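Next comes structure20.pdb, with PDB, C-alpha atoms.
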ATOM      1  CA  MET L   1     -38.415  29.510  -1.289  1.00  0.00           C
ATOM      2  CA  ALA L   2     -35.332  28.529   0.666  1.00  0.00           C
ATOM      3  CA  GLU L   3     -35.576  27.254   4.238  1.00  0.00           C
ATOM      4  CA  LEU L   4     -32.920  28.471   6.679  1.00  0.00           C
ATOM      5  CA  VAL L   5     -31.275  25.424   8.237  1.00  0.00           C
ATOM      6  CA  ALA L   6     -28.575  27.198  10.262  1.00  0.00           C
ATOM      7  CA  ARG L   7     -27.025  30.608  10.564  1.00  0.00           C
ATOM      8  CA  GLY L   8     -23.827  31.890  12.151  1.00  0.00           C
ATOM      9  CA  GLU L   9     -21.900  35.132  12.445  1.00  0.00           C
ATOM     10  CA  SER L  10     -18.217  35.893  12.854  1.00  0.00           C
ATOM     11  CA  GLU L  11     -15.925  38.847  12.227  1.00  0.00           C
ATOM     12  CA  ARG L  12     -16.120  37.876   8.547  1.00  0.00           C
ATOM     13  CA  GLY L  13     -19.889  38.300   8.475  1.00  0.00           C
ATOM     14  CA  GLU L  14     -22.852  35.953   8.057  1.00  0.00           C
ATOM     15  CA  LEU L  15     -22.705  32.264   7.207  1.00  0.00           C
ATOM     16  CA  ALA L  16     -25.962  30.577   6.233  1.00  0.00           C
ATOM     17  CA  LEU L  17     -26.975  27.020   5.390  1.00  0.00           C
ATOM     18  CA  LEU L  18     -30.184  26.899   3.333  1.00  0.00           C
ATOM     19  CA  ARG L  19     -32.364  24.108   1.946  1.00  0.00           C
ATOM     20  CA  ARG L  20     -34.245  24.273  -1.344  1.00  0.00           C
ATOM     21  CA  ASP L  21     -36.278  21.077  -1.737  1.00  0.00           C
ATOM     22  CA  ASP L  22     -33.606  18.390  -1.147  1.00  0.00           C
ATOM     23  CA  VAL L  23     -30.625  20.623  -2.001  1.00  0.00           C
ATOM     24  CA  LEU L  24     -28.463  22.287   0.648  1.00  0.00           C
ATOM     25  CA  GLU L  25     -26.848  25.609  -0.201  1.00  0.00           C
ATOM     26  CA  LEU L  26     -24.056  27.496   1.550  1.00  0.00           C
ATOM     27  CA  ARG L  27     -23.977  31.290   1.440  1.00  0.00           C
ATOM     28  CA  VAL L  28     -21.510  33.795   2.888  1.00  0.00           C
ATOM     29  CA  ASN L  29     -22.791  37.328   3.419  1.00  0.00           C
ATOM     30  CA  GLY L  30     -25.621  36.485   1.034  1.00  0.00           C
ATOM     31  CA  VAL L  31     -23.235  35.320  -1.706  1.00  0.00           C
ATOM     32  CA  PHE L  32     -23.693  31.797  -3.095  1.00  0.00           C
ATOM     33  CA  VAL L  33     -20.656  29.618  -2.388  1.00  0.00           C
ATOM     34  CA  MET L  34     -21.727  26.051  -3.203  1.00  0.00           C
ATOM     35  CA  ASP L  35     -24.567  23.556  -2.984  1.00  0.00           C
ATOM     36  CA  THR L  36     -25.121  19.799  -2.855  1.00  0.00           C
ATOM     37  CA  ALA L  37     -26.568  19.641  -6.380  1.00  0.00           C
ATOM     38  CA  HIS L  38     -23.386  20.554  -8.275  1.00  0.00           C
ATOM     39  CA  THR L  39     -20.412  18.832  -6.669  1.00  0.00           C
ATOM     40  CA  ALA L  40     -18.403  17.622  -9.669  1.00  0.00           C
ATOM     41  CA  THR L  41     -15.558  20.104  -9.337  1.00  0.00           C
ATOM     42  CA  GLU L  42     -15.256  19.695  -5.564  1.00  0.00           C
ATOM     43  CA  ARG L  43     -14.903  15.945  -6.101  1.00  0.00           C
ATOM     44  CA  GLU L  44     -12.605  16.377  -9.093  1.00  0.00           C
ATOM     45  CA  LEU L  45     -10.372  18.605  -6.974  1.00  0.00           C
ATOM     46  CA  ALA L  46      -9.616  15.462  -4.977  1.00  0.00           C
ATOM     47  CA  THR L  47      -9.617  12.753  -7.634  1.00  0.00           C
ATOM     48  CA  ALA L  48      -7.606  14.596 -10.305  1.00  0.00           C
ATOM     49  CA  THR L  49      -4.988  15.597  -7.773  1.00  0.00           C
ATOM     50  CA  LEU L  50      -4.646  12.211  -6.111  1.00  0.00           C
ATOM     51  CA  ARG L  51      -4.288  10.571  -9.519  1.00  0.00           C
ATOM     52  CA  ALA L  52      -1.249  12.754 -10.142  1.00  0.00           C
ATOM     53  CA  VAL L  53       0.557  11.647  -6.970  1.00  0.00           C
ATOM     54  CA  ASP L  54       2.585   8.439  -7.079  1.00  0.00           C
ATOM     55  CA  ALA L  55       2.894   7.488  -3.428  1.00  0.00           C
ATOM     56  CA  ALA L  56       1.846   4.474  -1.377  1.00  0.00           C
ATOM     57  CA  ARG L  57       0.787   6.543   1.624  1.00  0.00           C
ATOM     58  CA  LEU L  58      -0.693  10.011   1.428  1.00  0.00           C
ATOM     59  CA  ARG L  59      -0.966  12.901   3.855  1.00  0.00           C
ATOM     60  CA  VAL L  60      -3.415  15.467   2.548  1.00  0.00           C
ATOM     61  CA  LEU L  61      -4.286  18.995   3.603  1.00  0.00           C
ATOM     62  CA  ILE L  62      -7.644  20.416   2.516  1.00  0.00           C
ATOM     63  CA  GLY L  63      -8.096  24.161   2.785  1.00  0.00           C
ATOM     64  CA  GLY L  64     -11.833  24.843   3.123  1.00  0.00           C
ATOM     65  CA  LEU L  65     -14.400  22.317   4.368  1.00  0.00           C
ATOM     66  CA  GLY L  66     -17.353  23.728   2.441  1.00  0.00           C
ATOM     67  CA  LEU L  67     -20.070  21.091   2.190  1.00  0.00           C
ATOM     68  CA  GLY L  68     -17.539  18.305   2.563  1.00  0.00           C
ATOM     69  CA  PHE L  69     -17.480  16.721  -0.887  1.00  0.00           C
ATOM     70  CA  THR L  70     -13.743  17.190  -1.412  1.00  0.00           C
ATOM     71  CA  LEU L  71     -13.041  15.592   1.969  1.00  0.00           C
ATOM     72  CA  ARG L  72     -15.398  12.702   1.241  1.00  0.00           C
ATOM     73  CA  GLU L  73     -13.693  12.041  -2.095  1.00  0.00           C
ATOM     74  CA  VAL L  74     -10.210  12.212  -0.552  1.00  0.00           C
ATOM     75  CA  LEU L  75     -11.153   9.557   1.994  1.00  0.00           C
ATOM     76  CA  VAL L  76     -12.226   7.144  -0.758  1.00  0.00           C
ATOM     77  CA  ASP L  77      -8.560   6.721  -1.710  1.00  0.00           C
ATOM     78  CA  PRO L  78      -7.148   3.882   0.463  1.00  0.00           C
ATOM     79  CA  ARG L  79      -3.654   5.425   0.310  1.00  0.00           C
ATOM     80  CA  VAL L  80      -4.784   8.381   2.434  1.00  0.00           C
ATOM     81  CA  ARG L  81      -3.461   8.021   5.976  1.00  0.00           C
ATOM     82  CA  GLU L  82      -4.177  11.552   7.205  1.00  0.00           C
ATOM     83  CA  ALA L  83      -6.585  14.193   5.922  1.00  0.00           C
ATOM     84  CA  HIS L  84      -6.067  17.547   7.587  1.00  0.00           C
ATOM     85  CA  VAL L  85      -9.023  19.902   7.102  1.00  0.00           C
ATOM     86  CA  VAL L  86      -8.585  23.633   7.693  1.00  0.00           C
ATOM     87  CA  GLU L  87     -11.807  25.610   8.126  1.00  0.00           C
ATOM     88  CA  ILE L  88     -11.917  29.201   9.308  1.00  0.00           C
ATOM     89  CA  GLU L  89     -15.608  29.156  10.302  1.00  0.00           C
ATOM     90  CA  PRO L  90     -16.173  27.081  13.471  1.00  0.00           C
ATOM     91  CA  ASP L  91     -19.943  27.189  12.953  1.00  0.00           C
ATOM     92  CA  LEU L  92     -19.600  25.325   9.670  1.00  0.00           C
ATOM     93  CA  LEU L  93     -17.636  22.533  11.321  1.00  0.00           C
ATOM     94  CA  THR L  94     -20.263  22.367  14.074  1.00  0.00           C
ATOM     95  CA  TRP L  95     -23.048  21.991  11.506  1.00  0.00           C
ATOM     96  CA  HIS L  96     -21.248  19.055   9.916  1.00  0.00           C
ATOM     97  CA  ARG L  97     -20.643  17.412  13.282  1.00  0.00           C
ATOM     98  CA  ASP L  98     -24.301  17.930  14.234  1.00  0.00           C
ATOM     99  CA  GLY L  99     -25.430  16.088  11.100  1.00  0.00           C
ATOM    100  CA  LEU L 100     -26.949  19.081   9.315  1.00  0.00           C
ATOM    101  CA  VAL L 101     -25.059  18.060   6.159  1.00  0.00           C
ATOM    102  CA  PRO L 102     -25.951  14.352   5.953  1.00  0.00           C
ATOM    103  CA  HIS L 103     -23.805  13.804   2.864  1.00  0.00           C
ATOM    104  CA  THR L 104     -20.672  14.108   5.027  1.00  0.00           C
ATOM    105  CA  ALA L 105     -21.709  12.133   8.102  1.00  0.00           C
ATOM    106  CA  ASP L 106     -19.254   9.266   7.555  1.00  0.00           C
ATOM    107  CA  ALA L 107     -16.411  11.529   6.429  1.00  0.00           C
ATOM    108  CA  VAL L 108     -16.644  13.776   9.480  1.00  0.00           C
ATOM    109  CA  ARG L 109     -16.341  10.761  11.791  1.00  0.00           C
ATOM    110  CA  ASP L 110     -13.462   9.140   9.881  1.00  0.00           C
ATOM    111  CA  GLU L 111     -10.498   8.512  12.194  1.00  0.00           C
ATOM    112  CA  ARG L 112      -8.021   9.694   9.544  1.00  0.00           C
ATOM    113  CA  VAL L 113      -9.357  13.268   9.675  1.00  0.00           C
ATOM    114  CA  ARG L 114      -7.522  15.966  11.638  1.00  0.00           C
ATOM    115  CA  TRP L 115      -9.376  19.247  12.193  1.00  0.00           C
ATOM    116  CA  HIS L 116      -7.832  22.732  12.257  1.00  0.00           C
ATOM    117  CA  VAL L 117     -10.060  25.740  12.906  1.00  0.00           C
ATOM    118  CA  GLY L 118      -8.318  28.822  11.565  1.00  0.00           C
ATOM    119  CA  ASP L 119      -6.900  30.561   8.522  1.00  0.00           C
ATOM    120  CA  VAL L 120      -5.261  28.190   6.061  1.00  0.00           C
ATOM    121  CA  ALA L 121      -2.235  30.451   5.625  1.00  0.00           C
ATOM    122  CA  ALA L 122      -1.517  30.412   9.363  1.00  0.00           C
ATOM    123  CA  VAL L 123      -2.131  26.670   9.728  1.00  0.00           C
ATOM    124  CA  LEU L 124       0.077  25.843   6.758  1.00  0.00           C
ATOM    125  CA  ALA L 125       2.859  28.136   7.986  1.00  0.00           C
ATOM    126  CA  ALA L 126       2.914  26.251  11.301  1.00  0.00           C
ATOM    127  CA  GLN L 127       3.552  22.881   9.618  1.00  0.00           C
ATOM    128  CA  PRO L 128       7.064  21.459   9.165  1.00  0.00           C
ATOM    129  CA  PRO L 129       8.618  21.313   5.684  1.00  0.00           C
ATOM    130  CA  GLU L 130       7.616  18.408   3.420  1.00  0.00           C
ATOM    131  CA  ARG L 131       4.648  17.604   5.673  1.00  0.00           C
ATOM    132  CA  PHE L 132       2.063  16.831   2.960  1.00  0.00           C
ATOM    133  CA  ASP L 133       1.878  14.902  -0.272  1.00  0.00           C
ATOM    134  CA  VAL L 134      -1.172  16.871  -1.424  1.00  0.00           C
ATOM    135  CA  VAL L 135      -2.517  20.344  -0.631  1.00  0.00           C
ATOM    136  CA  LEU L 136      -6.031  21.069  -1.907  1.00  0.00           C
ATOM    137  CA  LEU L 137      -7.297  24.649  -1.697  1.00  0.00           C
ATOM    138  CA  ASP L 138     -10.964  25.536  -2.061  1.00  0.00           C
ATOM    139  CA  VAL L 139     -11.238  28.431   0.350  1.00  0.00           C
ATOM    140  CA  ASP L 140     -12.884  30.963  -1.972  1.00  0.00           C
ATOM    141  CA  ASN L 141     -14.357  31.300  -5.454  1.00  0.00           C
ATOM    142  CA  GLY L 142     -11.006  32.041  -7.106  1.00  0.00           C
ATOM    143  CA  PRO L 143      -8.762  35.111  -7.387  1.00  0.00           C
ATOM    144  CA  ASP L 144     -11.282  37.163  -9.354  1.00  0.00           C
ATOM    145  CA  PHE L 145     -14.487  36.253  -7.465  1.00  0.00           C
ATOM    146  CA  LEU L 146     -13.478  36.610  -3.833  1.00  0.00           C
ATOM    147  CA  VAL L 147     -16.001  36.259  -1.027  1.00  0.00           C
ATOM    148  CA  TYR L 148     -13.364  37.528   1.433  1.00  0.00           C
ATOM    149  CA  ASP L 149     -10.871  40.072   0.097  1.00  0.00           C
ATOM    150  CA  ALA L 150      -8.219  38.803   2.510  1.00  0.00           C
ATOM    151  CA  ASN L 151      -8.161  35.498   0.626  1.00  0.00           C
ATOM    152  CA  SER L 152      -6.459  37.177  -2.322  1.00  0.00           C
ATOM    153  CA  ALA L 153      -3.120  36.359  -0.646  1.00  0.00           C
ATOM    154  CA  ILE L 154      -3.498  32.606  -1.206  1.00  0.00           C
ATOM    155  CA  TYR L 155      -3.310  33.081  -4.975  1.00  0.00           C
ATOM    156  CA  ARG L 156      -0.035  35.007  -4.840  1.00  0.00           C
ATOM    157  CA  SER L 157       3.539  33.829  -5.152  1.00  0.00           C
ATOM    158  CA  GLU L 158       4.481  34.181  -1.462  1.00  0.00           C
ATOM    159  CA  PHE L 159       1.750  31.810  -0.272  1.00  0.00           C
ATOM    160  CA  LEU L 160       2.259  29.454  -3.223  1.00  0.00           C
ATOM    161  CA  ALA L 161       5.961  29.225  -2.338  1.00  0.00           C
ATOM    162  CA  ARG L 162       5.067  28.376   1.258  1.00  0.00           C
ATOM    163  CA  SER L 163       2.726  25.675   0.007  1.00  0.00           C
ATOM    164  CA  LYS L 164       5.528  24.242  -2.109  1.00  0.00           C
ATOM    165  CA  GLU L 165       7.809  24.150   0.934  1.00  0.00           C
ATOM    166  CA  LYS L 166       5.230  22.047   2.821  1.00  0.00           C
ATOM    167  CA  LEU L 167       4.921  19.506  -0.023  1.00  0.00           C
ATOM    168  CA  THR L 168       7.023  16.384  -0.312  1.00  0.00           C
ATOM    169  CA  PRO L 169       9.069  16.042  -3.533  1.00  0.00           C
ATOM    170  CA  GLY L 170       6.577  15.000  -6.198  1.00  0.00           C
ATOM    171  CA  GLY L 171       3.704  16.370  -4.117  1.00  0.00           C
ATOM    172  CA  THR L 172       0.893  18.344  -5.714  1.00  0.00           C
ATOM    173  CA  LEU L 173      -0.848  21.632  -4.974  1.00  0.00           C
ATOM    174  CA  ALA L 174      -4.378  21.970  -6.381  1.00  0.00           C
ATOM    175  CA  ILE L 175      -6.481  25.144  -6.402  1.00  0.00           C
ATOM    176  CA  TRP L 176     -10.168  25.411  -7.322  1.00  0.00           C
ATOM    177  CA  SER L 177     -11.420  28.518  -9.130  1.00  0.00           C
ATOM    178  CA  ALA L 178     -14.767  29.608 -10.520  1.00  0.00           C
ATOM    179  CA  ASP L 179     -13.015  30.921 -13.625  1.00  0.00           C
ATOM    180  CA  THR L 180      -9.723  30.802 -15.454  1.00  0.00           C
ATOM    181  CA  SER L 181      -6.936  33.041 -14.187  1.00  0.00           C
ATOM    182  CA  PRO L 182      -3.844  33.818 -16.268  1.00  0.00           C
ATOM    183  CA  GLU L 183      -2.348  35.556 -13.218  1.00  0.00           C
ATOM    184  CA  LEU L 184      -2.707  32.465 -11.032  1.00  0.00           C
ATOM    185  CA  ARG L 185      -1.358  30.228 -13.773  1.00  0.00           C
ATOM    186  CA  ALA L 186       1.651  32.532 -14.184  1.00  0.00           C
ATOM    187  CA  ALA L 187       2.268  32.612 -10.431  1.00  0.00           C
ATOM    188  CA  LEU L 188       2.208  28.807 -10.238  1.00  0.00           C
ATOM    189  CA  HIS L 189       4.630  28.575 -13.152  1.00  0.00           C
ATOM    190  CA  GLU L 190       6.914  31.072 -11.409  1.00  0.00           C
ATOM    191  CA  VAL L 191       6.957  29.110  -8.150  1.00  0.00           C
ATOM    192  CA  PHE L 192       6.716  25.483  -9.311  1.00  0.00           C
ATOM    193  CA  GLY L 193       7.969  25.672 -12.881  1.00  0.00           C
ATOM    194  CA  ASN L 194       4.798  23.933 -14.052  1.00  0.00           C
ATOM    195  CA  CYS L 195       1.006  24.282 -14.002  1.00  0.00           C
ATOM    196  CA  GLU L 196      -1.831  22.225 -15.457  1.00  0.00           C
ATOM    197  CA  GLU L 197      -5.259  23.839 -15.778  1.00  0.00           C
ATOM    198  CA  LEU L 198      -8.321  21.592 -16.003  1.00  0.00           C
ATOM    199  CA  ALA L 199     -11.596  23.075 -17.257  1.00  0.00           C
ATOM    200  CA  ILE L 200     -14.694  21.251 -15.980  1.00  0.00           C
ATOM    201  CA  PRO L 201     -18.087  22.042 -17.558  1.00  0.00           C
ATOM    202  CA  VAL L 202     -20.944  22.419 -15.078  1.00  0.00           C
ATOM    203  CA  ARG L 203     -24.682  22.930 -15.556  1.00  0.00           C
ATOM    204  CA  LEU L 204     -26.294  25.160 -12.928  1.00  0.00           C
ATOM    205  CA  GLY L 205     -30.005  24.754 -13.577  1.00  0.00           C
ATOM    206  CA  GLN L 206     -30.491  26.059 -17.121  1.00  0.00           C
ATOM    207  CA  HIS L 207     -27.119  27.784 -17.132  1.00  0.00           C
ATOM    208  CA  GLU L 208     -23.900  26.164 -18.362  1.00  0.00           C
ATOM    209  CA  THR L 209     -20.554  27.325 -17.050  1.00  0.00           C
ATOM    210  CA  THR L 210     -17.024  26.053 -16.537  1.00  0.00           C
ATOM    211  CA  TYR L 211     -15.058  25.731 -13.318  1.00  0.00           C
ATOM    212  CA  HIS L 212     -11.285  25.368 -13.209  1.00  0.00           C
ATOM    213  CA  LEU L 213      -8.656  23.390 -11.320  1.00  0.00           C
ATOM    214  CA  PHE L 214      -5.032  24.472 -11.256  1.00  0.00           C
ATOM    215  CA  LEU L 215      -2.477  21.750 -10.493  1.00  0.00           C
ATOM    216  CA  ALA L 216       1.242  22.230  -9.796  1.00  0.00           C
ATOM    217  CA  VAL L 217       3.787  19.567  -8.851  1.00  0.00           C
ATOM    218  CA  ARG L 218       6.871  20.068  -6.710  1.00  0.00           C
TER     219      ARG L 218
END

For the file at hand, write its structure as structure tokens.
Amino acid sequence: MAELVARGESERGELALLRRDDVLELRVNGVFVMDTAHTATERELATATLRAVDAARLRVLIGGLGLGFTLREVLVDPRVREAHVVEIEPDLLTWHRDGLVPHTADAVRDERVRWHVGDVAAVLAAQPPERFDVVLLDVDNGPDFLVYDANSAIYRSEFLARSKEKLTPGGTLAIWSADTSPELRAALHEVFGNCEELAIPVRLGQHETTYHLFLAVR
């Protein structure tokens, strides 16, 4: 049985942090989002994207804090000078800062991190052009498995074009998805003229599945 570690509510509904044995699990309105047992794709979101960027100094924007594994992996790269994290749920950021997610303790205190509490679309729109070398988006489960219906906009051409505007030449946009999406791939091709899809096999208990990363370069 899961132990409730923390619970919060906002206009988007309920956010819950649970513990099963030594595994932490994040749920939104009762829907599983992620846990600390299966973090390969969150980490690969960072490493695969940073590998694709040829720059001596990196400014990174991460859309979605989650359980912090993407942020932690970003900070491993010594080229990273700034890591901007956008998280819409203030309670989740508070839980990290209070040490409820021990895996991220060092990352949360890293002096390179800049915090933005709000919607990633609004935060990104407020940034000047060519502000970031990398934009990493893991704000939902992908275009076909939305936790919040409003997040559908981030997979569409208008938002993708805005993301491109905020990237430096040669910069990369990366989007995590729980499944493949021909529509997202087509939208990225339309906006960027290119798209690479990486399929990453994952074992969830006795169940095997595949998560997907979509990469596009300006």

For this session: Using the chain letters and residue numbers of this document, give as a list in words the residues selected by the PyMOL selection byres ((chain L and resi 127) around 12).
Result: Leu61, His84, His116, Val120, Ala121, Ala122, Val123, Leu124, Ala125, Ala126, Pro128, Pro129, Glu130, Arg131, Phe132, Arg162, Ser163, Lys164, Glu165, Lys166 and Leu167 of chain L

Please identify every residue of range 143-174 of chain L that has at least one atom no farther than 9 Å from an atom of range 184-194 of chain L, counting all atoms listed in the file, and for each give the shortest atom pair and the distance in Å to one decimal, arranged by chain then increasing number, as a Markdown table.
| residue | atom | partner | partner_atom | distance |
| --- | --- | --- | --- | --- |
| L:Pro143 | CA | L:Leu184 | CA | 7.5 |
| L:Tyr155 | CA | L:Leu184 | CA | 6.1 |
| L:Arg156 | CA | L:Ala187 | CA | 6.5 |
| L:Ser157 | CA | L:Ala187 | CA | 5.6 |
| L:Glu158 | CA | L:Val191 | CA | 8.8 |
| L:Leu160 | CA | L:Val191 | CA | 6.8 |
| L:Ala161 | CA | L:Val191 | CA | 5.9 |
| L:Lys164 | CA | L:Phe192 | CA | 7.4 |

Do you know which residues the PyMOL selection byres ((chain L and resi 44) around 10) returns on this file, as a PDB file with C-alpha atoms, in the coordinates of the input?
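Output file part-v6.pdb follows:
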ATOM      1  CA  THR L  39     -20.412  18.832  -6.669  1.00  0.00           C
ATOM      2  CA  ALA L  40     -18.403  17.622  -9.669  1.00  0.00           C
ATOM      3  CA  THR L  41     -15.558  20.104  -9.337  1.00  0.00           C
ATOM      4  CA  GLU L  42     -15.256  19.695  -5.564  1.00  0.00           C
ATOM      5  CA  ARG L  43     -14.903  15.945  -6.101  1.00  0.00           C
ATOM      6  CA  LEU L  45     -10.372  18.605  -6.974  1.00  0.00           C
ATOM      7  CA  ALA L  46      -9.616  15.462  -4.977  1.00  0.00           C
ATOM      8  CA  THR L  47      -9.617  12.753  -7.634  1.00  0.00           C
ATOM      9  CA  ALA L  48      -7.606  14.596 -10.305  1.00  0.00           C
ATOM     10  CA  THR L  49      -4.988  15.597  -7.773  1.00  0.00           C
ATOM     11  CA  LEU L  50      -4.646  12.211  -6.111  1.00  0.00           C
ATOM     12  CA  PHE L  69     -17.480  16.721  -0.887  1.00  0.00           C
ATOM     13  CA  THR L  70     -13.743  17.190  -1.412  1.00  0.00           C
ATOM     14  CA  GLU L  73     -13.693  12.041  -2.095  1.00  0.00           C
ATOM     15  CA  VAL L  74     -10.210  12.212  -0.552  1.00  0.00           C
ATOM     16  CA  TRP L 176     -10.168  25.411  -7.322  1.00  0.00           C
ATOM     17  CA  LEU L 198      -8.321  21.592 -16.003  1.00  0.00           C
ATOM     18  CA  ILE L 200     -14.694  21.251 -15.980  1.00  0.00           C
ATOM     19  CA  HIS L 212     -11.285  25.368 -13.209  1.00  0.00           C
ATOM     20  CA  LEU L 213      -8.656  23.390 -11.320  1.00  0.00           C
TER      21      LEU L 213
END

For this session: May I ask for the distance between CA of Arg57 in chain L and CA of Ala83 in chain L, given in Å to one decimal place?
Result: 11.5 Å

Kindly provide, as JSON, the centre and edge lengths (Å, one decimal) of an axis-aligned box around all atoms of range 3-14 of chain L given in the file, with 6 Å on each side.
{"center_x": -25.8, "center_y": 32.1, "center_z": 8.5, "size_x": 31.7, "size_y": 25.4, "size_z": 20.6}

For this session: Quick one: apply the PyMOL selection byres ((chain L and resi 103) around 12) to the file and drop the selected residues here as a VMD selection string.
Result: chain L and resid 22 to 24 35 to 37 39 66 to 73 95 to 97 99 to 102 104 to 108

For the residues in that selection, give me C-alpha atoms as an mmCIF file, keeping the file's coordinate frame.
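Once everything was written out, this is selection_29.cif:
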data_model
loop_
_atom_site.group_PDB
_atom_site.id
_atom_site.type_symbol
_atom_site.label_atom_id
_atom_site.label_comp_id
_atom_site.auth_asym_id
_atom_site.auth_seq_id
_atom_site.Cartn_x
_atom_site.Cartn_y
_atom_site.Cartn_z
ATOM 1 C CA ASP L 22 -33.606 18.390 -1.147
ATOM 2 C CA VAL L 23 -30.625 20.623 -2.001
ATOM 3 C CA LEU L 24 -28.463 22.287 0.648
ATOM 4 C CA ASP L 35 -24.567 23.556 -2.984
ATOM 5 C CA THR L 36 -25.121 19.799 -2.855
ATOM 6 C CA ALA L 37 -26.568 19.641 -6.380
ATOM 7 C CA THR L 39 -20.412 18.832 -6.669
ATOM 8 C CA GLY L 66 -17.353 23.728 2.441
ATOM 9 C CA LEU L 67 -20.070 21.091 2.190
ATOM 10 C CA GLY L 68 -17.539 18.305 2.563
ATOM 11 C CA PHE L 69 -17.480 16.721 -0.887
ATOM 12 C CA THR L 70 -13.743 17.190 -1.412
ATOM 13 C CA LEU L 71 -13.041 15.592 1.969
ATOM 14 C CA ARG L 72 -15.398 12.702 1.241
ATOM 15 C CA GLU L 73 -13.693 12.041 -2.095
ATOM 16 C CA TRP L 95 -23.048 21.991 11.506
ATOM 17 C CA HIS L 96 -21.248 19.055 9.916
ATOM 18 C CA ARG L 97 -20.643 17.412 13.282
ATOM 19 C CA GLY L 99 -25.430 16.088 11.100
ATOM 20 C CA LEU L 100 -26.949 19.081 9.315
ATOM 21 C CA VAL L 101 -25.059 18.060 6.159
ATOM 22 C CA PRO L 102 -25.951 14.352 5.953
ATOM 23 C CA THR L 104 -20.672 14.108 5.027
ATOM 24 C CA ALA L 105 -21.709 12.133 8.102
ATOM 25 C CA ASP L 106 -19.254 9.266 7.555
ATOM 26 C CA ALA L 107 -16.411 11.529 6.429
ATOM 27 C CA VAL L 108 -16.644 13.776 9.480
#

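Distance check against Val53 in chain L using only C-alpha atoms: of L:Val80, L:Val85, L:Leu93, L:Leu15, the minimum falls on L:Val80.
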
For this session: Just give me the gap between CA of Gly171 in chain L and CA of Ala153 in chain L in Å, one decimal is fine.
Result: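 Answer for the CA of Gly171 in chain L to CA of Ala153 in chain L separation: 21.4 Å.
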
Exercise. What's the 12 Å shell around Arg81 in chain L, counting all atoms listed in the file, without same-chain residues fewer than 2 positions away, as an NGL selection string?
Worked result: :L and (55-61 or 74-79 or 83-84 or 110-114 or 132-134)

For this session: For Ile175 in chain L, list every protein, DNA or RNA residue within 8 Å, evaluated using all atoms listed in the file, and leave out those in the same chain fewer than 6 positions away; present the list as a list in words.
Result: Leu45, Leu136, Leu137, Asp138, Leu213, Phe214 and Leu215 of chain L

Same residues, C-alpha atoms, output as a short mmCIF file (atom, residue, chain, number, x, y, z; two decimals), in the frame of the given file:
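Result written to selection13.cif:
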data_model
loop_
_atom_site.label_atom_id
_atom_site.label_comp_id
_atom_site.auth_asym_id
_atom_site.auth_seq_id
_atom_site.Cartn_x
_atom_site.Cartn_y
_atom_site.Cartn_z
CA LEU L 45 -10.37 18.60 -6.97
CA LEU L 136 -6.03 21.07 -1.91
CA LEU L 137 -7.30 24.65 -1.70
CA ASP L 138 -10.96 25.54 -2.06
CA LEU L 213 -8.66 23.39 -11.32
CA PHE L 214 -5.03 24.47 -11.26
CA LEU L 215 -2.48 21.75 -10.49
#

Problem set entry | Test item: residues at most 6 Å from Gly64 in chain L, only C-alpha atoms, excluding those fewer than 4 positions along its chain, as a list of chain:residue names | L:Val86, L:Glu87, L:Asp138, L:Val139

For this session: List every protein, DNA or RNA residue that has an atom no more than 7 Å from (-12.5, 29.8, 8.7) in the file's coordinate frame, counting all atoms listed in the file, and report them as JSON, numbers by chain.
Result: {"L": [87, 88, 89, 90, 117, 118, 119]}

For this session: Record the distance separating CA of His38 in chain L and CA of Asp54 in chain L, expressed in Å with one decimal.
Result: 28.7 Å

Give me, as an mmCIF file with C-alpha atoms, in the coordinates of the input, all polymer residues having an atom no more than 10 Å from Val31 in chain L, counting only C-alpha atoms and skipping those fewer than 5 positions away in the same chain.
data_model
loop_
_atom_site.group_PDB
_atom_site.id
_atom_site.type_symbol
_atom_site.label_atom_id
_atom_site.label_comp_id
_atom_site.auth_asym_id
_atom_site.auth_seq_id
_atom_site.Cartn_x
_atom_site.Cartn_y
_atom_site.Cartn_z
ATOM 1 C CA GLU L 14 -22.852 35.953 8.057
ATOM 2 C CA LEU L 15 -22.705 32.264 7.207
ATOM 3 C CA ALA L 16 -25.962 30.577 6.233
ATOM 4 C CA LEU L 26 -24.056 27.496 1.550
ATOM 5 C CA VAL L 147 -16.001 36.259 -1.027
#

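Taking all atoms listed in the file into account, the protein, DNA and RNA residues within 9 Å of (-14.0, 28.6, -15.4) read Ser177, Ala178, Asp179, Thr180, Ser181, Ala199, Ile200, Pro201, Thr209, Thr210, Tyr211, His212 and Leu213 of chain L.
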
How would range 146-164 of chain L of the given structure read as a file with C-alpha atoms, as a compact mmCIF listing (two decimals), in the first residue's frame?
# COMPACT_ATOMS: atom_id res chain seq x y z
CA LEU L 146 -2.76 14.42 -21.52
CA VAL L 147 -3.13 14.90 -17.78
CA TYR L 148 -4.24 18.50 -18.41
CA ASP L 149 -6.19 19.16 -21.61
CA ALA L 150 -4.80 22.69 -21.79
CA ASN L 151 -1.34 21.24 -22.40
CA SER L 152 -2.38 20.14 -25.88
CA ALA L 153 -1.24 23.57 -27.12
CA ILE L 154 2.44 22.84 -26.48
CA TYR L 155 2.43 20.11 -29.13
CA ARG L 156 1.04 22.38 -31.84
CA SER L 157 2.79 24.45 -34.47
CA GLU L 158 2.18 27.87 -32.87
CA PHE L 159 3.94 26.95 -29.63
CA LEU L 160 6.67 25.00 -31.44
CA ALA L 161 7.37 28.08 -33.58
CA ARG L 162 7.66 30.21 -30.45
CA SER L 163 10.08 27.69 -28.99
CA LYS L 164 12.17 27.89 -32.15
